[in-house]
Amino acid sequence: MKVKGSPYLRANKPLFQKLLAALLEQYPYASILASDVREKSYMVNRRLTSVNGGGIFSGRGFVVKVFDGQHWSEHSFNRISEELLPDVLAQIRETVSLSDTALPAGTVEGVFSAPAEEKTVFQGSTELEVDPEELGDDVILERLTAIRDRGLRYSDQLLDCQVRTEWNRTSKLFLSPNKDMEQNIMWTTGTAVTIAHRGQEIKNSYQSMSCLGGMELLDRLAQTIEKAARTTIELLDSVPIVPGEYECVCAPDVTGMIVHEAFGHGLEMDMFVKDRAQAKRFIGQYVASPLVTMHDGASSAPQTGSFFFDDEGVMAHDTIIIDKGVLKTGMSDLQSAMILGTEPTGNGRRESYRRKAYTRMTNTWFEGGTDSVEDMIASVKDGLLLDEPSSGMEDPKNWGIQCMVSFAREIKDGKLTGRIFSPIVLSGYVPDLLKSITMMSPDVELAGGGFCGKGYKELMKVSDGGPWIKARIRLG
């Protein structure tokens with residue numbers, strides 16, 4: 001079934017159109033982004049059950065963007081009615097008038113123009129199988145409790161099992177002189193964390209998943225809980241790794257973390273404008289193995305980073321970032337594209353109507369190859385299989401990467417030995433790591449269980465992924 005639209009936005013669309021018409025009588029360009037976002041999260045563990053009806057993205061709000069022939073101005077607000085319309089219009093005009101005097105002394109103004117827009121009328125909704133609002137809170141909590149209990153039954157050594165799910169339903173309207181667009185998106189995530197102990201030793205493992213859809217995700221979560229429990233018990237026997245460079249086979253979730261951190265923020269082209277990204281100087285050069293082709297785009301894959309148009313009214317793209325090892329381009333919002341003289345790639349995204357649009361990743365991933373996982377493991381004489389990423393960070397200026405992986409399994413003479421190491425720190429210079437990739441599996445997996453920040457703020461839902469890969473990686 002299709003994700004339902006927002007009755008609130010549709011009922012108030014005539015007011016937005018009236019406001020836009022009034023602005024266009026005075027200014028050469030204006031646009032309105034109207035958002036209505038609902039989300040809910042559920043959690044159960046051994047002691048607690050909780051339902052949270054709000055989140056960082058929740059709420060209704062609107063952004064008006066105006067070009068007065070010289071400056072761009074934005075005004076956000078969260079109430080609209082026929083009676084409030086004159087006040088809203090006056091506030092917008094006041095905001096625009098301040099742009100002539102608001103810049104600090106010594107600031108150099110950019111030169112911009114109104115965007116070139118084709119006539120576009122669009123309405124799109126993503127698909128879901130099980131609507132969480134129709135399923136109801138009680139049923140969702142019952143399902144999560146059953147999954148928790150199944151996990152706890154795996155071993156007496158388990159201290160706890162926490163199971164969580166979250167859904168987000170986003171409806172947006174975008175209106176401008178040539179555009180009349182509506183989109184309705186739902187994504188859902190699920191996480192299972194198990195904790196075990198042996199004496200004073202405590203270990204944990206998790207399974208995380210996501211979909212562009214609804215509570216059909218709970219079936220997948222139920223199927224994976226025992227894997228989290230089994231891995232947690234195994235980790236009680238883990239030992240620290242000897243730091244060094246290893247031949248590694250990476251599971252798709254680890255590949256995804258490498259993709260995101262290696263070519264994430266450093267290829268958001270507002271970083272090019274600020275000269276804060278090493279990648280800017282490598283366009284047209286080999287930065288990875290010829291096996292590597294990388295995508296980013298809201299239309300490149302169906303996952304949590306998907307949408308039909310971005311928050312500046314640019315239709316979603318599938319951008320080829322790396323083509324057979326050669327860095328081709330980055331991703332951009334409307335403003336950075338104007339400055340750089342490039343086409344916007346549909347990556348202008350706002351955390352909410354309260355925030356400005358930045359260039360942000362969407363679905364970021366590597367294409368698959370032709371090698372089986374079994375052949376990868378068999379080709380390793382002395383190395384490791386990396387699994388379960390937990391966090392990562394990058395240095396776009398110097399192209400460094402540092403990521404945390406929960407554990408690594410030892411490979412000797414082409415076979416898994418059963419030894420397990422934890423925790424693992426993955427680091428290195430991005431081109432060195434990516435040029436060392438020698439094998440890639442055909443199947444590609446993407447996931448978007450977490451969030452991505454921009455400078456430790458401005459959280460955004462993204463996804464990343466890829467195939468199994470084999471590479472040489474510095475671990476510690």
# chains A, B, ... in the order shown; residues from 1 in each chain; ligands from 1
>>> residues_around(residues="Asp156 in chain A", least_positions_apart="4", cutoff="10 Å", atoms="only C-alpha atoms", output="PyMOL selection string")
chain A and resi 152+196-197
>>> write_last_selection(atoms="C-alpha atoms", output="short mmCIF file (atom, residue, chain, number, x, y, z; two decimals), in the first residue's frame")
data_model
loop_
_atom_site.label_atom_id
_atom_site.label_comp_id
_atom_site.auth_asym_id
_atom_site.auth_seq_id
_atom_site.Cartn_x
_atom_site.Cartn_y
_atom_site.Cartn_z
CA LEU A 152 16.90 -14.11 26.67
CA ALA A 196 26.23 -11.13 28.52
CA HIS A 197 28.61 -11.61 31.42
#
>>> residues_around(residues="Gly449 in chain A", least_positions_apart="6", cutoff="6 Å", atoms="only C-alpha atoms", output="PyMOL selection string")
chain A and resi 189+208-210
>>> residues_around(residues="Ser289 in chain A", least_positions_apart="4", cutoff="7 Å", atoms="only C-alpha atoms", output="list in words")
Gly325, Leu434, Lys435, Ser436 and Ile437 of chain A
>>> atom_distance(atom1="CA of Glu226 in chain A", atom2="CA of Arg169 in chain A")
29.6 Å
>>> closest_residue(among="A:Pro344, A:Pro423, A:Gly136, A:Gly466", to="Ser238 in chain A", atoms="only C-alpha atoms")
A:Pro423
>>> select_by_dssp(residues="range 30-207 of chain A", states="helix (DSSP H, G or I)", output="MDAnalysis selection string")
chainID A and resid 85:98 132:135 137:152
>>> closest_residue(among="A:Val130, A:Ile56, A:Leu291, A:Leu159", to="Cys211 in chain A", atoms="only C-alpha atoms")
A:Val130
>>> select_by_dssp(residues="range 341-381 of chain A", states="strand (DSSP E or B)", output="list of chain:residue names")
A:Gly348, A:Arg349, A:Tyr358, A:Thr359, A:Asn363, A:Thr364, A:Trp365, A:Phe366
>>> residues_around(residues="Trp468 in chain A", least_positions_apart="3", cutoff="7 Å", atoms="only C-alpha atoms", output="PyMOL selection string")
chain A and resi 249-252+255+373+440-441
>>> closest_residue(among="A:Glu129, A:Glu351, A:Asp180, A:Asp296", to="Gly61 in chain A", atoms="only C-alpha atoms")
A:Glu351
>>> residues_around(residues="Met43 in chain A", least_positions_apart="6", cutoff="9 Å", atoms="only C-alpha atoms", output="list in words")
Thr49, Ser50, Val51, Asn52, Leu141, Leu144, Thr145, Gln162, Val163, Arg164, Thr165 and Glu166 of chain A
>>> residues_around(residues="Val287 in chain A", least_positions_apart="5", cutoff="10 Å", atoms="only C-alpha atoms", output="mmCIF file with C-alpha atoms, in the first residue's frame")
data_model
loop_
_atom_site.group_PDB
_atom_site.id
_atom_site.type_symbol
_atom_site.label_atom_id
_atom_site.label_comp_id
_atom_site.auth_asym_id
_atom_site.auth_seq_id
_atom_site.Cartn_x
_atom_site.Cartn_y
_atom_site.Cartn_z
ATOM 1 C CA ALA A 279 38.722 15.220 -2.489
ATOM 2 C CA PHE A 282 41.334 14.545 -6.894
ATOM 3 C CA VAL A 292 35.061 0.245 -7.112
ATOM 4 C CA ILE A 322 33.412 6.976 -8.350
ATOM 5 C CA LYS A 324 35.724 2.124 -11.793
ATOM 6 C CA GLY A 325 38.120 3.732 -9.317
ATOM 7 C CA VAL A 326 38.076 7.281 -10.771
ATOM 8 C CA LEU A 327 36.591 10.085 -8.675
ATOM 9 C CA VAL A 430 41.355 6.706 2.376
ATOM 10 C CA PRO A 431 42.921 6.205 -1.110
ATOM 11 C CA ASP A 432 45.381 3.634 0.276
ATOM 12 C CA LEU A 433 42.540 1.612 1.803
ATOM 13 C CA LEU A 434 40.267 1.766 -1.243
ATOM 14 C CA LYS A 435 43.033 1.058 -3.762
#
>>> residues_around(residues="Glu261 in chain A", least_positions_apart="2", cutoff="7 Å", atoms="only C-alpha atoms", output="CSV table (one decimal) with N, CA and C atoms, in the first residue's frame")
chain,number,residue,atom,x,y,z
A,257,MET,N,30.1,1.3,6.3
A,257,MET,CA,30.7,2.3,7.2
A,257,MET,C,31.9,2.9,6.5
A,258,ILE,N,32.7,2.1,5.8
A,258,ILE,CA,33.9,2.6,5.1
A,258,ILE,C,33.5,3.6,4.0
A,259,VAL,N,32.4,3.2,3.3
A,259,VAL,CA,31.9,4.1,2.2
A,259,VAL,C,31.5,5.4,2.8
A,263,PHE,N,34.1,8.4,1.9
A,263,PHE,CA,33.6,9.4,0.9
A,263,PHE,C,32.3,10.0,1.3
A,264,GLY,N,32.2,10.4,2.5
A,264,GLY,CA,31.0,11.0,3.0
A,264,GLY,C,31.1,12.5,3.0
A,392,GLY,N,32.1,5.8,13.5
A,392,GLY,CA,33.2,6.2,12.6
A,392,GLY,C,33.3,7.7,12.5
A,393,MET,N,34.5,8.1,12.1
A,393,MET,CA,34.7,9.5,11.8
A,393,MET,C,35.7,9.7,10.7
A,394,GLU,N,35.7,10.8,10.1
A,394,GLU,CA,36.6,11.1,9.0
A,394,GLU,C,37.3,12.5,9.2
A,401,ILE,N,40.6,8.3,8.1
A,401,ILE,CA,39.4,7.6,8.5
A,401,ILE,C,39.7,6.9,9.8
>>> closest_atom_pairs(of="range 321-411 of chain A", to="range 27-36 of chain A", cutoff="12 Å", atoms="only C-alpha atoms", output="CSV")
residue,atom,partner,partner_atom,distance
A:Arg349,CA,A:Leu33,CA,11.4
A:Arg350,CA,A:Leu33,CA,10.5
A:Glu351,CA,A:Ser35,CA,11.2
A:Ser352,CA,A:Ser35,CA,8.3
A:Tyr353,CA,A:Ser35,CA,7.3
A:Arg354,CA,A:Ser35,CA,10.9
A:Lys356,CA,A:Leu33,CA,11.8
A:Ala357,CA,A:Leu33,CA,11.4
